[in-house]
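Have a look at target_14.cif below; it lists mmCIF, C-alpha atoms.
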data_protein
loop_
_atom_site.label_atom_id
_atom_site.label_comp_id
_atom_site.auth_asym_id
_atom_site.auth_seq_id
_atom_site.Cartn_x
_atom_site.Cartn_y
_atom_site.Cartn_z
CA MET A 108 -9.23 13.24 -14.00
CA PRO A 109 -8.12 9.93 -15.58
CA ASN A 110 -8.41 6.84 -13.44
CA HIS A 111 -4.68 6.13 -13.29
CA LYS A 112 -4.15 9.57 -11.72
CA LEU A 113 -6.71 8.69 -9.05
CA ALA A 114 -4.99 5.36 -8.46
CA ALA A 115 -1.58 7.08 -8.23
CA ALA A 116 -2.88 9.53 -5.61
CA ALA A 117 -4.55 6.75 -3.61
CA LYS A 118 -1.36 4.69 -3.78
CA ALA A 119 0.77 7.62 -2.62
CA ALA A 120 -1.67 8.45 0.19
CA PHE A 121 -2.16 4.96 1.62
CA PRO A 122 1.29 4.35 3.25
CA HIS A 123 0.95 7.63 5.15
CA THR A 124 -2.28 6.40 6.71
CA ILE A 125 -1.02 2.98 7.91
CA PRO A 126 -0.26 4.22 11.46
CA ILE A 127 -3.77 5.70 11.54
CA LEU A 128 -5.18 2.37 10.38
CA THR A 129 -4.00 0.61 13.53
CA GLY A 130 -4.85 3.54 15.82
CA PHE A 131 -8.35 4.14 14.43
CA LEU A 132 -9.28 0.46 14.24
CA VAL A 133 -8.36 0.00 17.88
CA LEU A 134 -9.95 3.26 19.06
CA GLY A 135 -13.02 2.70 16.85
CA ILE A 136 -13.50 -0.78 18.24
CA ALA A 137 -13.07 0.63 21.75
CA TYR A 138 -15.72 3.26 20.95
CA GLY A 139 -18.18 0.65 19.68
CA ILE A 140 -17.66 -1.40 22.84
CA TYR A 141 -17.97 1.70 25.06
CA MET A 142 -21.31 2.72 23.48
CA LYS A 143 -22.63 -0.81 23.76
CA ALA A 144 -21.68 -0.82 27.44
CA LEU A 145 -23.71 2.41 27.88
CA GLY A 146 -26.72 0.53 26.54
CA PHE A 147 -27.04 1.85 22.97
CA SER A 148 -27.90 -0.40 20.07
CA PRO A 149 -25.05 -0.81 17.54
CA ILE A 150 -26.67 1.57 15.04
CA VAL A 151 -26.17 4.58 17.37
CA PRO A 152 -22.34 4.57 17.51
CA ILE A 153 -22.21 3.68 13.80
CA LEU A 154 -24.42 6.63 12.81
CA ILE A 155 -22.48 8.97 15.13
CA SER A 156 -19.24 7.89 13.47
CA VAL A 157 -20.77 8.44 10.01
CA PHE A 158 -22.10 11.93 10.77
CA VAL A 159 -19.80 13.35 13.46
CA PHE A 160 -16.41 11.63 12.97
CA ALA A 161 -14.58 13.26 15.88
CA GLY A 162 -12.97 10.76 18.24
CA SER A 163 -12.81 12.43 21.63
CA MET A 164 -16.13 14.25 21.08
CA GLN A 165 -17.83 10.96 20.27
CA PHE A 166 -16.83 9.53 23.62
CA VAL A 167 -18.18 12.71 25.25
CA ALA A 168 -21.36 12.27 23.17
CA GLY A 169 -21.89 8.89 24.81
CA SER A 170 -22.14 10.45 28.26
CA VAL A 171 -24.19 13.42 26.94
CA LEU A 172 -26.75 11.01 25.44
CA THR A 173 -27.20 9.17 28.71
CA GLY A 174 -28.01 12.46 30.52
CA ALA A 175 -30.92 14.91 30.23
CA PHE A 176 -31.69 16.64 26.90
CA ALA A 177 -29.64 19.89 26.90
CA PRO A 178 -29.31 21.34 23.37
CA VAL A 179 -27.47 24.61 24.22
CA SER A 180 -24.84 23.14 26.50
CA THR A 181 -24.34 20.23 24.08
CA PHE A 182 -23.70 22.76 21.29
CA LEU A 183 -21.18 24.77 23.37
CA LEU A 184 -19.46 21.65 24.68
CA THR A 185 -18.99 20.38 21.13
CA LEU A 186 -17.53 23.72 20.00
CA MET A 187 -15.03 23.60 22.87
CA VAL A 188 -13.92 20.01 22.39
CA ASN A 189 -13.56 20.46 18.61
CA ALA A 190 -12.27 24.04 18.57
CA ARG A 191 -8.86 22.82 17.42
CA HIS A 192 -10.42 22.16 13.97
CA VAL A 193 -10.51 25.95 13.50
CA PHE A 194 -6.72 25.88 13.88
CA TYR A 195 -6.41 23.16 11.28
CA GLY A 196 -8.76 25.01 8.91
CA ILE A 197 -6.63 28.17 9.04
CA SER A 198 -3.51 26.09 8.44
CA MET A 199 -5.09 24.33 5.45
CA LEU A 200 -6.72 27.40 3.81
CA GLU A 201 -4.24 27.48 0.93
CA LYS A 202 -3.79 23.71 0.52
CA TYR A 203 -7.54 22.98 0.38
CA ARG A 204 -8.39 26.10 -1.64
CA ASP A 205 -8.77 24.62 -5.13
CA LEU A 206 -10.19 21.18 -4.40
CA GLY A 207 -13.46 21.72 -6.31
CA LYS A 208 -15.99 18.96 -5.68
CA LYS A 209 -13.54 17.25 -3.31
CA LYS A 210 -13.50 20.26 -1.00
CA PHE A 211 -16.65 19.47 0.98
CA PRO A 212 -15.81 15.86 1.88
CA THR A 213 -12.12 16.65 2.51
CA ILE A 214 -13.05 19.39 5.01
CA PHE A 215 -15.86 17.27 6.48
CA TRP A 216 -13.30 14.52 7.14
CA MET A 217 -10.68 16.88 8.58
CA CYS A 218 -9.45 15.45 11.88
CA ASP A 219 -6.25 15.50 13.97
CA GLU A 220 -4.80 12.66 11.93
CA SER A 221 -5.70 13.69 8.37
CA PHE A 222 -4.55 17.22 9.23
CA SER A 223 -1.22 16.06 10.60
CA ILE A 224 -0.53 14.01 7.46
CA ASN A 225 -1.75 16.55 4.90
CA VAL A 226 0.04 19.48 6.51
CA SER A 227 3.41 17.71 6.62
CA ALA A 228 3.51 15.10 3.84
CA GLU A 229 5.95 15.55 1.00
CA ILE A 230 3.78 14.59 -1.95
CA PRO A 231 5.79 12.94 -4.74
CA GLN A 232 6.17 14.78 -8.07
CA GLY A 233 3.42 13.95 -10.53
CA VAL A 234 0.88 13.01 -7.87
CA ASP A 235 -2.19 15.27 -7.79
CA LYS A 236 -2.11 17.08 -4.45
CA GLY A 237 -5.87 17.56 -4.19
CA TRP A 238 -6.59 13.86 -4.68
CA PHE A 239 -3.80 13.00 -2.24
CA TYR A 240 -5.45 15.16 0.47
CA PHE A 241 -8.84 13.64 -0.42
CA PHE A 242 -7.64 10.05 -0.17
CA VAL A 243 -5.76 10.57 3.10
CA SER A 244 -8.98 11.97 4.57
CA LEU A 245 -11.19 9.27 3.04
CA PHE A 246 -8.91 6.45 4.25
CA ASP A 247 -8.83 7.83 7.81
CA TYR A 248 -12.63 8.17 7.80
CA SER A 249 -13.04 4.59 6.51
CA TYR A 250 -10.77 3.17 9.23
CA TRP A 251 -12.83 4.90 11.89
CA LEU A 252 -16.13 3.62 10.42
CA ILE A 253 -14.80 0.08 10.09
CA GLY A 254 -13.46 0.17 13.67
CA THR A 255 -16.70 1.52 15.12
CA THR A 256 -18.80 -1.03 13.23
CA LEU A 257 -16.56 -3.91 14.34
CA GLY A 258 -16.66 -2.70 17.94
CA ALA A 259 -20.41 -2.11 17.97
CA ILE A 260 -21.31 -5.48 16.49
CA LEU A 261 -18.57 -7.87 17.57
CA GLY A 262 -17.33 -5.88 20.57
CA GLN A 263 -18.54 -8.05 23.39
CA PHE A 264 -16.94 -11.18 21.92
CA ILE A 265 -13.39 -9.82 21.63
CA PRO A 266 -11.33 -11.77 24.16
CA PHE A 267 -7.95 -9.98 24.23
CA ASP A 268 -6.75 -6.93 26.13
CA THR A 269 -6.15 -4.02 23.74
CA THR A 270 -5.06 -1.59 26.47
CA GLY A 271 -2.14 0.51 25.28
CA VAL A 272 -2.26 -0.18 21.54
CA ASP A 273 -3.65 3.32 21.07
CA PHE A 274 -0.17 4.61 22.01
CA ALA A 275 0.48 4.23 18.27
CA MET A 276 -1.28 7.55 17.85
CA THR A 277 0.90 9.30 20.45
CA ALA A 278 3.94 7.85 18.70
CA LEU A 279 2.71 9.17 15.35
CA PHE A 280 2.33 12.70 16.70
CA ILE A 281 5.81 12.57 18.26
CA VAL A 282 7.30 11.37 14.96
CA ILE A 283 5.64 14.25 13.11
CA LEU A 284 6.87 16.71 15.73
CA VAL A 285 10.46 15.44 15.37
CA SER A 286 10.39 15.64 11.55
CA GLN A 287 8.89 19.09 11.76
CA TRP A 288 11.61 20.14 14.21
CA GLU A 289 14.33 19.04 11.78
CA LYS A 290 12.77 20.97 8.88
CA GLU A 291 11.75 24.25 10.46
CA LYS A 292 13.81 27.45 10.28
CA SER A 293 12.62 28.69 13.65
CA HIS A 294 11.60 26.58 16.64
CA ILE A 295 9.75 29.43 18.36
CA SER A 296 6.27 28.24 17.35
CA THR A 297 6.91 24.59 18.28
CA LEU A 298 8.48 25.49 21.63
CA GLY A 299 5.74 28.03 22.36
CA GLY A 300 3.03 25.48 21.55
CA LEU A 301 4.70 22.88 23.75
CA GLY A 302 5.29 25.21 26.70
CA ILE A 303 1.90 26.94 26.62
CA SER A 304 -0.01 23.64 26.32
CA LEU A 305 1.94 22.13 29.22
CA VAL A 306 1.35 25.17 31.44
CA CYS A 307 -2.38 25.19 30.53
CA LEU A 308 -2.63 21.45 31.20
CA VAL A 309 -1.22 21.97 34.70
CA LEU A 310 -3.38 25.07 35.33
CA PHE A 311 -6.71 24.00 33.85
CA GLY A 312 -6.59 20.20 33.89
CA ALA A 313 -7.09 17.57 31.20
CA ASP A 314 -10.72 18.46 30.40
CA HIS A 315 -10.29 22.20 29.90
CA PHE A 316 -6.78 22.97 28.74
CA ILE A 317 -7.31 22.85 24.96
CA VAL A 318 -9.29 26.08 24.60
CA ALA A 319 -6.96 27.93 26.97
CA SER A 320 -3.92 26.61 25.08
CA MET A 321 -5.30 27.81 21.75
CA VAL A 322 -5.98 31.29 23.06
CA GLY A 323 -2.49 31.36 24.61
CA ILE A 324 -0.81 30.13 21.42
CA VAL A 325 -2.55 32.71 19.20
CA LEU A 326 -1.62 35.49 21.66
CA PHE A 327 1.97 34.24 21.81
CA LEU A 328 2.32 34.08 18.00
CA THR A 329 0.69 37.50 17.63
CA LEU A 330 3.09 39.11 20.10
CA LEU A 331 6.16 37.45 18.57
CA ARG A 332 5.14 38.02 14.94
CA ARG A 333 8.05 40.32 14.06
CA PRO A 334 10.91 38.19 15.45
CA ILE A 335 9.36 35.01 14.02
CA GLU A 336 8.87 36.50 10.56
CA ARG A 337 12.43 37.81 10.61
CA ARG A 338 13.73 34.30 11.28
CA LEU A 339 11.50 32.72 8.62
CA GLU A 340 12.83 35.15 6.01
CA ALA A 341 16.46 34.75 7.05
CA MET B 80 -33.91 10.84 26.42
CA THR B 81 -36.55 9.93 23.85
CA ASN B 82 -35.45 8.73 20.42
CA THR B 83 -36.30 12.16 18.98
CA GLN B 84 -34.10 13.84 21.59
CA ILE B 85 -31.26 11.43 20.83
CA ILE B 86 -31.52 12.25 17.12
CA LEU B 87 -31.66 15.99 17.88
CA THR B 88 -28.63 15.77 20.19
CA VAL B 89 -26.60 13.90 17.58
CA ALA B 90 -27.68 16.48 14.97
CA ILE B 91 -26.49 19.32 17.24
CA ILE B 92 -23.14 17.61 17.83
CA MET B 93 -22.83 17.05 14.08
CA GLY B 94 -23.70 20.70 13.30
CA ALA B 95 -21.30 22.16 15.87
CA THR B 96 -18.51 19.82 14.73
CA MET B 97 -19.06 20.83 11.08
CA LEU B 98 -19.01 24.48 12.12
CA THR B 99 -15.53 24.05 13.65
CA ARG B 100 -14.30 22.37 10.46
CA PHE B 101 -15.81 24.75 7.89
CA ILE B 102 -15.73 28.15 9.57
CA SER B 103 -12.18 29.10 8.49
CA PHE B 104 -13.00 28.30 4.86
CA LEU B 105 -16.30 30.26 5.01
CA VAL B 106 -14.74 33.35 6.58
CA PHE B 107 -11.75 33.37 4.20
CA PRO B 108 -13.15 32.09 0.88
CA ALA B 109 -11.20 31.41 -2.30
CA GLY B 110 -10.63 34.35 -4.64
CA LYS B 111 -10.47 36.85 -1.79
CA GLU B 112 -7.02 37.90 -0.62
CA THR B 113 -6.50 36.34 2.80
CA PRO B 114 -5.31 39.00 5.29
CA ALA B 115 -1.54 38.99 5.91
CA PHE B 116 -2.01 38.21 9.58
CA ILE B 117 -4.12 35.14 8.77
CA GLN B 118 -1.51 34.01 6.23
CA TYR B 119 1.13 34.39 8.92
CA LEU B 120 -0.96 32.32 11.36
CA GLY B 121 -1.49 29.68 8.67
CA LYS B 122 2.30 29.44 8.32
CA VAL B 123 3.24 29.28 12.01
CA LEU B 124 0.18 27.70 13.67
CA PRO B 125 0.71 24.13 12.39
CA ALA B 126 3.98 23.79 14.32
CA ALA B 127 2.38 24.97 17.56
CA ALA B 128 -0.74 22.86 16.89
CA MET B 129 1.33 19.68 16.46
CA ALA B 130 3.15 20.44 19.71
CA MET B 131 -0.23 20.95 21.40
CA LEU B 132 -1.46 17.60 20.03
CA VAL B 133 1.51 15.81 21.55
CA VAL B 134 0.69 17.36 24.93
CA TYR B 135 -2.96 16.39 24.30
CA CYS B 136 -1.89 12.73 23.94
CA PHE B 137 -0.28 12.87 27.39
CA LYS B 138 -3.17 14.66 29.10
CA GLY B 139 -4.40 11.50 30.85
CA VAL B 140 -0.99 10.82 32.43
CA ASP B 141 -0.94 11.17 36.21
CA LEU B 142 2.49 12.26 37.42
CA THR B 143 1.59 12.21 41.11
CA SER B 144 0.37 8.64 41.58
CA GLY B 145 0.46 5.13 40.12
CA ASN B 146 3.57 4.71 37.98
CA HIS B 147 3.98 8.53 37.65
CA GLY B 148 3.60 8.39 33.88
CA ALA B 149 6.86 6.49 33.52
CA PRO B 150 5.68 4.14 30.70
CA GLU B 151 4.32 7.06 28.63
CA LEU B 152 7.42 9.22 29.19
CA ILE B 153 9.93 6.41 28.54
CA ALA B 154 8.13 5.20 25.39
CA GLY B 155 7.60 8.79 24.22
CA VAL B 156 11.29 9.68 24.54
CA ALA B 157 12.21 6.37 22.89
CA VAL B 158 10.01 7.21 19.89
CA ALA B 159 11.66 10.62 19.51
CA LEU B 160 15.19 9.18 19.79
CA MET B 161 14.45 6.29 17.42
CA HIS B 162 13.07 8.71 14.88
CA LYS B 163 16.07 11.07 15.17
CA TRP B 164 18.34 8.06 14.70
CA LYS B 165 16.71 6.05 11.87
CA HIS B 166 14.04 8.34 10.39
CA SER B 167 11.80 5.36 9.76
CA MET B 168 8.20 6.19 10.58
CA LEU B 169 7.04 2.58 10.91
CA LEU B 170 10.05 1.58 13.05
CA SER B 171 9.59 4.56 15.38
CA ILE B 172 5.83 4.04 15.76
CA GLY B 173 5.88 0.23 15.80
CA GLY B 174 8.89 0.02 18.11
CA GLY B 175 7.58 2.73 20.42
CA THR B 176 4.15 1.11 20.73
CA ALA B 177 5.69 -2.33 21.32
CA LEU B 178 7.92 -0.84 24.05
CA TYR B 179 4.90 0.85 25.62
CA LEU B 180 2.92 -2.42 25.65
CA VAL B 181 5.83 -4.25 27.29
CA LEU B 182 6.14 -1.46 29.87
CA ILE B 183 2.47 -1.35 30.90
CA HIS B 184 1.78 -5.10 30.79
CA PHE B 185 5.03 -6.54 32.14
CA VAL B 186 7.16 -3.87 33.86
CA PHE B 187 4.91 -1.44 35.72
#
Give the structure from this file in structure tokens form.
Amino acid sequence: MPNHKLAAAAKAAFPHTIPILTGFLVLGIAYGIYMKALGFSPIVPILISVFVFAGSMQFVAGSVLTGAFAPVSTFLLTLMVNARHVFYGISMLEKYRDLGKKKFPTIFWMCDESFSINVSAEIPQGVDKGWFYFFVSLFDYSYWLIGTTLGAILGQFIPFDTTGVDFAMTALFIVILVSQWEKEKSHISTLGGLGISLVCLVLFGADHFIVASMVGIVLFLTLLRRPIERRLEA
Amino acid sequence: MTNTQIILTVAIIMGATMLTRFISFLVFPAGKETPAFIQYLGKVLPAAAMAMLVVYCFKGVDLTSGNHGAPELIAGVAVALMHKWKHSMLLSIGGGTALYLVLIHFVF
């Protein structure tokens, strides 16, 4: 792959990741500060961000690491918190199929944000799709590492109140949902996802609703397969 | 925890996280025809997953006490309306976040 093709893909990918830049820097810094407050040396949150790279799970990891050593429950807890990645994997099977050497890092860096961009972005003609997916994922990963490192090292000296800046991420997801709504032929899946998640949130609470929602959504889509497929083909 | 236990715990979290990321690609590898049902899920799941993520963002909102989630709901609706109106990603996200900051720091 010639270098100018790489540069073109990186250039096309970068603007899509700007909202993530702000969100991840702020959240990453918050994570570094949080881990420092729990008493870990800066290298711990930095290494966790390098090797795990999963925002909400990393905060959970902080509390797990301050408790007793419990390998089995840690393993199960991680599967539960990150189970939504399985969803993303199924959705990206075709798109990530022929990535070659880029496949491992691109899947390793798959997160809510890189998924939401790569699943919905309209990649300009002439830009290599594989490299576009790769760079979106790499940029998001870099922002998280930079944020964590800043937070871990400089955290305690930051004087301003960053409460609420992470709403940028909520806003990003809403924007994607609205664009998706305007493009899709059938709203059944979106409405089902919204309704089932809300009901599960009320029933099971903030800490447990994700797994229940995923089971509910798969059941819902399985039961409504015929009507949905009919609308998609129409 | 000892340092060894900390390293082991992080390794377990890393392994389980990688499992969630890679399992779909391992079970349905390239070159093999993906079952029709899985292809169907791949087509319709993303929409439901994005909707679930939006709900996920609001999971910490407490409707029964404090400000009853008003700042989150107002800013959230504003983002959706702004995006329907102008279709500018940066305006919707920047404007929505700015509105949210004003709401939580100065209004509620």
field: Expected selection from the PyMOL selection byres ((chain A) within 7 of (chain B)), given as a VMD selection string
entry: chain A and resid 155 158 to 159 172 175 to 176 178 181 to 182 185 to 186 189 to 190 192 to 193 196 to 198 200 204 214 to 215 217 271 to 272 274 to 275 277 to 282 284 to 285 296 to 297 299 to 301 304 to 305 313
message: Report, in Å to a single decimal, how far apart CA of Phe211 in chain A and CA of Ala117 in chain A are.
response: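 Interatomic distance here is 18.1 Å.
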task: Determine the residue set returned by the PyMOL selection byres ((chain A and resi 254-264) around 10) for the present structure, and present it as a ChimeraX atom specification.
output: /A:128-144,147-157,248-253,265-267
- request: Could you check how far CA of Ile295 in chain A sits from CA of Tyr240 in chain A, in Å to one decimal?
  value: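 Separation between CA of Ile295 in chain A and CA of Tyr240 in chain A: 27.5 Å.
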- request: Taking the file as shown, find all residues satisfying the PyMOL selection byres ((chain A and resi 234) around 10) and write them as JSON, numbers by chain.
  value: {"A": [112, 113, 114, 115, 116, 117, 118, 119, 120, 230, 231, 232, 233, 235, 236, 237, 238, 239]}
- prompt: Could you state the separation of CA of Phe160 in chain A and CA of Trp216 in chain A in Å, given to one decimal place?
  reply: 7.2 Å
Save range 117-141 of chain A of the structure in the block above to a file, with N, CA, C and O atoms included, as an mmCIF file, in the first residue's frame.
data_model
loop_
_atom_site.group_PDB
_atom_site.id
_atom_site.type_symbol
_atom_site.label_atom_id
_atom_site.label_comp_id
_atom_site.auth_asym_id
_atom_site.auth_seq_id
_atom_site.Cartn_x
_atom_site.Cartn_y
_atom_site.Cartn_z
ATOM 1 N N ALA A 117 -5.960 8.022 6.642
ATOM 2 C CA ALA A 117 -5.818 8.665 7.948
ATOM 3 C C ALA A 117 -6.530 10.013 7.944
ATOM 4 O O ALA A 117 -7.220 10.374 8.905
ATOM 5 N N LYS A 118 -6.385 10.745 6.829
ATOM 6 C CA LYS A 118 -6.993 12.069 6.721
ATOM 7 C C LYS A 118 -8.521 11.979 6.690
ATOM 8 O O LYS A 118 -9.209 12.829 7.237
ATOM 9 N N ALA A 119 -9.034 10.933 6.015
ATOM 10 C CA ALA A 119 -10.486 10.754 5.966
ATOM 11 C C ALA A 119 -11.011 10.304 7.325
ATOM 12 O O ALA A 119 -12.115 10.669 7.733
ATOM 13 N N ALA A 120 -10.220 9.522 8.061
ATOM 14 C CA ALA A 120 -10.680 8.968 9.331
ATOM 15 C C ALA A 120 -10.678 10.013 10.446
ATOM 16 O O ALA A 120 -11.591 10.046 11.269
ATOM 17 N N PHE A 121 -9.667 10.889 10.434
ATOM 18 C CA PHE A 121 -9.474 11.778 11.587
ATOM 19 C C PHE A 121 -10.696 12.627 11.972
ATOM 20 O O PHE A 121 -11.086 12.633 13.148
ATOM 21 N N PRO A 122 -11.338 13.345 11.004
ATOM 22 C CA PRO A 122 -12.469 14.199 11.409
ATOM 23 C C PRO A 122 -13.570 13.427 12.134
ATOM 24 O O PRO A 122 -14.202 13.972 13.044
ATOM 25 N N HIS A 123 -13.771 12.162 11.745
ATOM 26 C CA HIS A 123 -14.803 11.361 12.400
ATOM 27 C C HIS A 123 -14.487 11.123 13.870
ATOM 28 O O HIS A 123 -15.372 10.837 14.673
ATOM 29 N N THR A 124 -13.193 11.185 14.211
ATOM 30 C CA THR A 124 -12.805 10.837 15.584
ATOM 31 C C THR A 124 -12.680 12.068 16.491
ATOM 32 O O THR A 124 -12.391 11.920 17.669
ATOM 33 N N ILE A 125 -12.904 13.270 15.945
ATOM 34 C CA ILE A 125 -12.730 14.476 16.775
ATOM 35 C C ILE A 125 -13.632 14.478 18.016
ATOM 36 O O ILE A 125 -13.164 14.782 19.118
ATOM 37 N N PRO A 126 -14.928 14.102 17.873
ATOM 38 C CA PRO A 126 -15.752 14.052 19.097
ATOM 39 C C PRO A 126 -15.207 13.059 20.120
ATOM 40 O O PRO A 126 -15.313 13.281 21.328
ATOM 41 N N ILE A 127 -14.602 11.971 19.634
ATOM 42 C CA ILE A 127 -14.034 10.972 20.537
ATOM 43 C C ILE A 127 -12.795 11.550 21.225
ATOM 44 O O ILE A 127 -12.521 11.237 22.383
ATOM 45 N N LEU A 128 -12.058 12.368 20.480
ATOM 46 C CA LEU A 128 -10.854 13.000 21.031
ATOM 47 C C LEU A 128 -11.183 13.716 22.333
ATOM 48 O O LEU A 128 -10.563 13.460 23.371
ATOM 49 N N THR A 129 -12.200 14.589 22.293
ATOM 50 C CA THR A 129 -12.556 15.318 23.513
ATOM 51 C C THR A 129 -13.062 14.356 24.585
ATOM 52 O O THR A 129 -12.610 14.396 25.728
ATOM 53 N N GLY A 130 -13.972 13.455 24.192
ATOM 54 C CA GLY A 130 -14.571 12.542 25.166
ATOM 55 C C GLY A 130 -13.537 11.657 25.824
ATOM 56 O O GLY A 130 -13.516 11.512 27.053
ATOM 57 N N PHE A 131 -12.648 11.050 25.025
ATOM 58 C CA PHE A 131 -11.658 10.113 25.567
ATOM 59 C C PHE A 131 -10.586 10.817 26.383
ATOM 60 O O PHE A 131 -10.107 10.276 27.374
ATOM 61 N N LEU A 132 -10.178 12.028 25.941
ATOM 62 C CA LEU A 132 -9.175 12.748 26.727
ATOM 63 C C LEU A 132 -9.725 13.021 28.119
ATOM 64 O O LEU A 132 -9.077 12.750 29.126
ATOM 65 N N VAL A 133 -10.963 13.531 28.152
ATOM 66 C CA VAL A 133 -11.565 13.868 29.438
ATOM 67 C C VAL A 133 -11.773 12.617 30.300
ATOM 68 O O VAL A 133 -11.382 12.566 31.470
ATOM 69 N N LEU A 134 -12.371 11.582 29.692
ATOM 70 C CA LEU A 134 -12.622 10.342 30.447
ATOM 71 C C LEU A 134 -11.314 9.671 30.854
ATOM 72 O O LEU A 134 -11.183 9.156 31.964
ATOM 73 N N GLY A 135 -10.327 9.674 29.937
ATOM 74 C CA GLY A 135 -9.022 9.069 30.224
ATOM 75 C C GLY A 135 -8.338 9.772 31.377
ATOM 76 O O GLY A 135 -7.796 9.134 32.291
ATOM 77 N N ILE A 136 -8.379 11.100 31.344
ATOM 78 C CA ILE A 136 -7.795 11.873 32.445
ATOM 79 C C ILE A 136 -8.526 11.531 33.752
ATOM 80 O O ILE A 136 -7.908 11.273 34.782
ATOM 81 N N ALA A 137 -9.860 11.481 33.669
ATOM 82 C CA ALA A 137 -10.652 11.132 34.851
ATOM 83 C C ALA A 137 -10.237 9.754 35.369
ATOM 84 O O ALA A 137 -10.117 9.537 36.584
ATOM 85 N N TYR A 138 -10.000 8.817 34.457
ATOM 86 C CA TYR A 138 -9.602 7.462 34.861
ATOM 87 C C TYR A 138 -8.243 7.471 35.564
ATOM 88 O O TYR A 138 -8.058 6.827 36.602
ATOM 89 N N GLY A 139 -7.291 8.215 34.988
ATOM 90 C CA GLY A 139 -5.974 8.321 35.614
ATOM 91 C C GLY A 139 -6.079 8.879 37.027
ATOM 92 O O GLY A 139 -5.458 8.363 37.970
ATOM 93 N N ILE A 140 -6.894 9.923 37.175
ATOM 94 C CA ILE A 140 -7.073 10.545 38.493
ATOM 95 C C ILE A 140 -7.731 9.561 39.471
ATOM 96 O O ILE A 140 -7.306 9.401 40.616
ATOM 97 N N TYR A 141 -8.760 8.864 38.974
ATOM 98 C CA TYR A 141 -9.507 7.893 39.783
ATOM 99 C C TYR A 141 -8.569 6.805 40.315
ATOM 100 O O TYR A 141 -8.586 6.459 41.494
#
